[in-house]
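> I have a structure I would like to understand better, so I am pasting it below and will then ask my questions one at a time.
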Amino acid sequence: MTSQISAGHLMEEVSGQVGGAELYQVRSLAMPMSFQAGALESVKTIEMTGRALRVIKEGRLGFSTTTDLTDDTTLIQNALQASRYGDRVPFEFPAAQPGPEVQCFDPQVEQLDEEALIVLGEEVVDKIRAYDPELEVHVSLRKAVDEVTLLNTSGLGLEDQRTSFSLSIGVIRTRKDDILTIYDGASSHRRQDVDALAVADGHIERLRWSEATAAVGSGAMPVVFRSQAINCLLLPLGVGLSGRNVYLGASPLAGKLGQQIVDSRFALVDDGRLDFASLSAPYDDEGIPTARKTLIQDGVARQFLYDLKTAAQAGAQSTGNGFKAEGWHNRGHYLPPAVAPTTVKQKVAR
């Protein structure tokens with residue numbers, strides 16, 4: 001509650017100095033745990049609050065981010081300074097809009113403690129090593145509870161609480177003239193969706209497949225993809241369907257709405273309203289409600305994804321796909337919003 005009051009005071013302070021402002025704040029309580037080479041390496045509890053401020057001053061966009069909630073002045077001044085050199089933006093921050101009901105909070109994740117994470121990690125290590133005790137097994141588990149606040153000078157005021165639970169498992173097998181590495185994982189807003197032992201079983205299955213080394217000759221041959229490979233196959237489409245890339249002329253799909261671009265049996269939908277899916281939320285990070293968007297239907301390109309800025313530049317409407325990524329080098333500091341999918345669903349007719 002203290003940080004929420006401070007956020008409101010910050011908006012009052014900046015509102016008289018700019019044409020528009022937006023404050024995005026995340027207060028996070030996270031517990032990451034890791035096993036390295038089968039041994040417990042660390043369990044931590046990390047509490048952090050990060051803020052990102054965008055301002056529009058004299059038609060230009062400024063951005064600043066911080067983890068210091070005691071110094072509003074520096075955050076505001078940095079954003080104002082950045083606006084002097086920022087892009088001209090033909091948009092305003094959105095007013096409040098009704099959004100969908102999306103389940104993003106699971107009490108079971110919130111209740112997970114250090115002991116529960118350690119026990120689960122040990123079970124994964126033991127299961128994989130029961131197959132082969134010589135394997136090098138790395139396990140990472142992370143639970144987090146995030147309180148998200150989004151305010152702007154157009155009257156928008158959103159608060160949301162979300163949980164997340166993630167798992168990654170890496171296995172390395174070293175033999176003469178051969179090193180095999182297998183990585184996989186799972187994540188969700190909900191505890192029950194992440195079955196750590198099932199992921200471990202998947203590693204063991206692939207280890208069994210790899211016991212025999214096959215000789216491969218030249219020529220055409222069929223290729224079988226595991227379900228996890230869909231991300232690699234969808235990556236070019238994701239890049240091409242980004243409204244930013246379309247506006248910049250970097251997408252090969254520019255000008256092809258209404259045209260067939262892939263096999264007619266293929267459909268692709270972006271839907272941020274799926275309960276507990278890891279990227280689902282009622283609103284994007286700019287306050288636009290998430291929705292179901294049909295990107296490709298019967299192989300035909302139907303829609304591109306937009307955030308506020310690129311939608312305004314392209315003469316379109318935001319699709320609720322503006323998200324602030326956290327800077328990889330400094331937790332709690334956020335990058336400006338960018339176009340990103342929420343939860344993509346694909347379907348191929350058989």
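Identifiers in this document derive from the order of the structure tokens: chains are assigned A, B, ..., residues are numbered from 1 separately in each chain, and ligands are numbered from 1 in order of occurrence.
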Write out as a PyMOL selection string the set of residues from region 123-294 of chain A that DSSP, computed on the backbone, places in strand (DSSP E or B).
chain A and resi 136-152+157-175+178-188+242+260+266-271+283+289+292-294
> Extract the full set of alpha helix (DSSP H) residues from region 136-280 of chain A according to DSSP on the backbone, and format it as a ChimeraX atom specification.
/A:196-209,230-240,243-248
> Write out as a list in words each polymer residue whose atoms come within 6 Å of Thr49 (chain A), counting only C-alpha atoms; drop sequence neighbours fewer than 4 positions from it.
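So, after excluding close chain neighbours, the residues are Val26, Arg27 and Thr67 of chain A.
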> Skipping near chain neighbours, those fewer than 2 positions away, what residues fall within 8 Å of Glu114 (chain A) using only C-alpha atoms, listed as a list in words?
Met31, Val43, Leu112, Ala116, Leu117 and Ile118 of chain A
> Give me, as JSON lines, the closest atom pair and its distance (Å, one decimal) for every residue of region 244-317 of chain A within a cut-off of 10 Å of region 156-161 of chain A, counting only C-alpha atoms, rows sorted by chain and rising number.

{"residue": "A:Ala281", "atom": "CA", "partner": "A:Asp160", "partner_atom": "CA", "distance": 8.9}
{"residue": "A:Pro282", "atom": "CA", "partner": "A:Asp160", "partner_atom": "CA", "distance": 8.8}
{"residue": "A:Tyr283", "atom": "CA", "partner": "A:Leu158", "partner_atom": "CA", "distance": 8.9}
{"residue": "A:Glu286", "atom": "CA", "partner": "A:Leu156", "partner_atom": "CA", "distance": 9.8}
{"residue": "A:Gly287", "atom": "CA", "partner": "A:Leu156", "partner_atom": "CA", "distance": 7.5}
> Neighbouring residues of Arg162 (chain A) were defined as those with any atom within 9 Å, considering only C-alpha atoms; residues of the same chain fewer than 2 positions away were excluded. Please report them as a PyMOL selection string.
chain A and resi 103-106+144-148+160+164+189+281
> Between A:Ala186, A:Lys143, A:Tyr131, A:Arg175, which has the minimum distance to Arg206 (chain A) (counting only C-alpha atoms)?
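Of the candidates, the smallest distance to Arg206 (chain A) is held by A:Tyr131.
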> Have a look at A:Val109, A:Leu75, A:Ala301, A:Val223 and name the one nearest to Leu257 (chain A); count only C-alpha atoms.
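Distance minimum relative to Leu257 (chain A) lands on A:Ala301.
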> For Lys293 (chain A), which residue among A:Ala277, A:Val262, A:Thr319, A:Ala311 is the nearest when counting only C-alpha atoms?
A:Thr319
> Interatomic distance between CA of Thr343 (chain A) and CA of Leu279 (chain A)?
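Rounded to one decimal, the two atoms are 6.0 Å apart.
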> Can you pull out the residues contacting region 316-318 of chain A? Cut-off 10 Å, using only C-alpha atoms, and skip same-chain residues under 6 positions away; I want them as a PyMOL selection string.
chain A and resi 243+286+288-290+304-310+339
> With N, CA and C atoms retained, write the just-selected residues as a PDB file, in the first residue's frame.

ATOM      1  N   GLY A 243       3.432  -5.635 -35.860  1.00  0.00           N
ATOM      2  CA  GLY A 243       3.072  -4.382 -36.517  1.00  0.00           C
ATOM      3  C   GLY A 243       4.250  -3.429 -36.627  1.00  0.00           C
ATOM      4  N   GLU A 286       0.313  -1.392 -21.308  1.00  0.00           N
ATOM      5  CA  GLU A 286      -0.071  -0.021 -21.619  1.00  0.00           C
ATOM      6  C   GLU A 286      -1.526   0.257 -21.236  1.00  0.00           C
ATOM      7  N   ILE A 288      -4.217  -1.539 -22.334  1.00  0.00           N
ATOM      8  CA  ILE A 288      -5.167  -1.958 -23.359  1.00  0.00           C
ATOM      9  C   ILE A 288      -5.644  -3.376 -23.034  1.00  0.00           C
ATOM     10  N   PRO A 289      -6.946  -3.627 -23.014  1.00  0.00           N
ATOM     11  CA  PRO A 289      -7.437  -4.982 -22.712  1.00  0.00           C
ATOM     12  C   PRO A 289      -6.906  -6.003 -23.709  1.00  0.00           C
ATOM     13  N   THR A 290      -6.556  -7.173 -23.211  1.00  0.00           N
ATOM     14  CA  THR A 290      -6.161  -8.255 -24.102  1.00  0.00           C
ATOM     15  C   THR A 290      -7.410  -8.859 -24.744  1.00  0.00           C
ATOM     16  N   PHE A 304      -2.309  -8.023 -37.889  1.00  0.00           N
ATOM     17  CA  PHE A 304      -0.991  -7.830 -37.298  1.00  0.00           C
ATOM     18  C   PHE A 304      -1.162  -7.445 -35.828  1.00  0.00           C
ATOM     19  N   LEU A 305      -0.081  -7.549 -35.065  1.00  0.00           N
ATOM     20  CA  LEU A 305      -0.083  -7.192 -33.653  1.00  0.00           C
ATOM     21  C   LEU A 305       0.512  -5.803 -33.465  1.00  0.00           C
ATOM     22  N   TYR A 306      -0.118  -4.986 -32.606  1.00  0.00           N
ATOM     23  CA  TYR A 306       0.329  -3.606 -32.410  1.00  0.00           C
ATOM     24  C   TYR A 306       0.369  -3.237 -30.931  1.00  0.00           C
ATOM     25  N   ASP A 307       1.311  -2.349 -30.592  1.00  0.00           N
ATOM     26  CA  ASP A 307       1.249  -1.616 -29.338  1.00  0.00           C
ATOM     27  C   ASP A 307       0.758  -0.207 -29.667  1.00  0.00           C
ATOM     28  N   LEU A 308       0.702   0.680 -28.667  1.00  0.00           N
ATOM     29  CA  LEU A 308       0.157   2.017 -28.894  1.00  0.00           C
ATOM     30  C   LEU A 308       0.963   2.799 -29.930  1.00  0.00           C
ATOM     31  N   LYS A 309       2.268   2.784 -29.784  1.00  0.00           N
ATOM     32  CA  LYS A 309       3.113   3.611 -30.633  1.00  0.00           C
ATOM     33  C   LYS A 309       3.048   3.174 -32.092  1.00  0.00           C
ATOM     34  N   THR A 310       3.283   1.897 -32.348  1.00  0.00           N
ATOM     35  CA  THR A 310       3.304   1.444 -33.740  1.00  0.00           C
ATOM     36  C   THR A 310       1.910   1.467 -34.353  1.00  0.00           C
ATOM     37  N   VAL A 339       6.088  -4.524 -29.162  1.00  0.00           N
ATOM     38  CA  VAL A 339       5.074  -5.470 -29.640  1.00  0.00           C
ATOM     39  C   VAL A 339       5.518  -6.895 -29.311  1.00  0.00           C
TER      40      VAL A 339
END
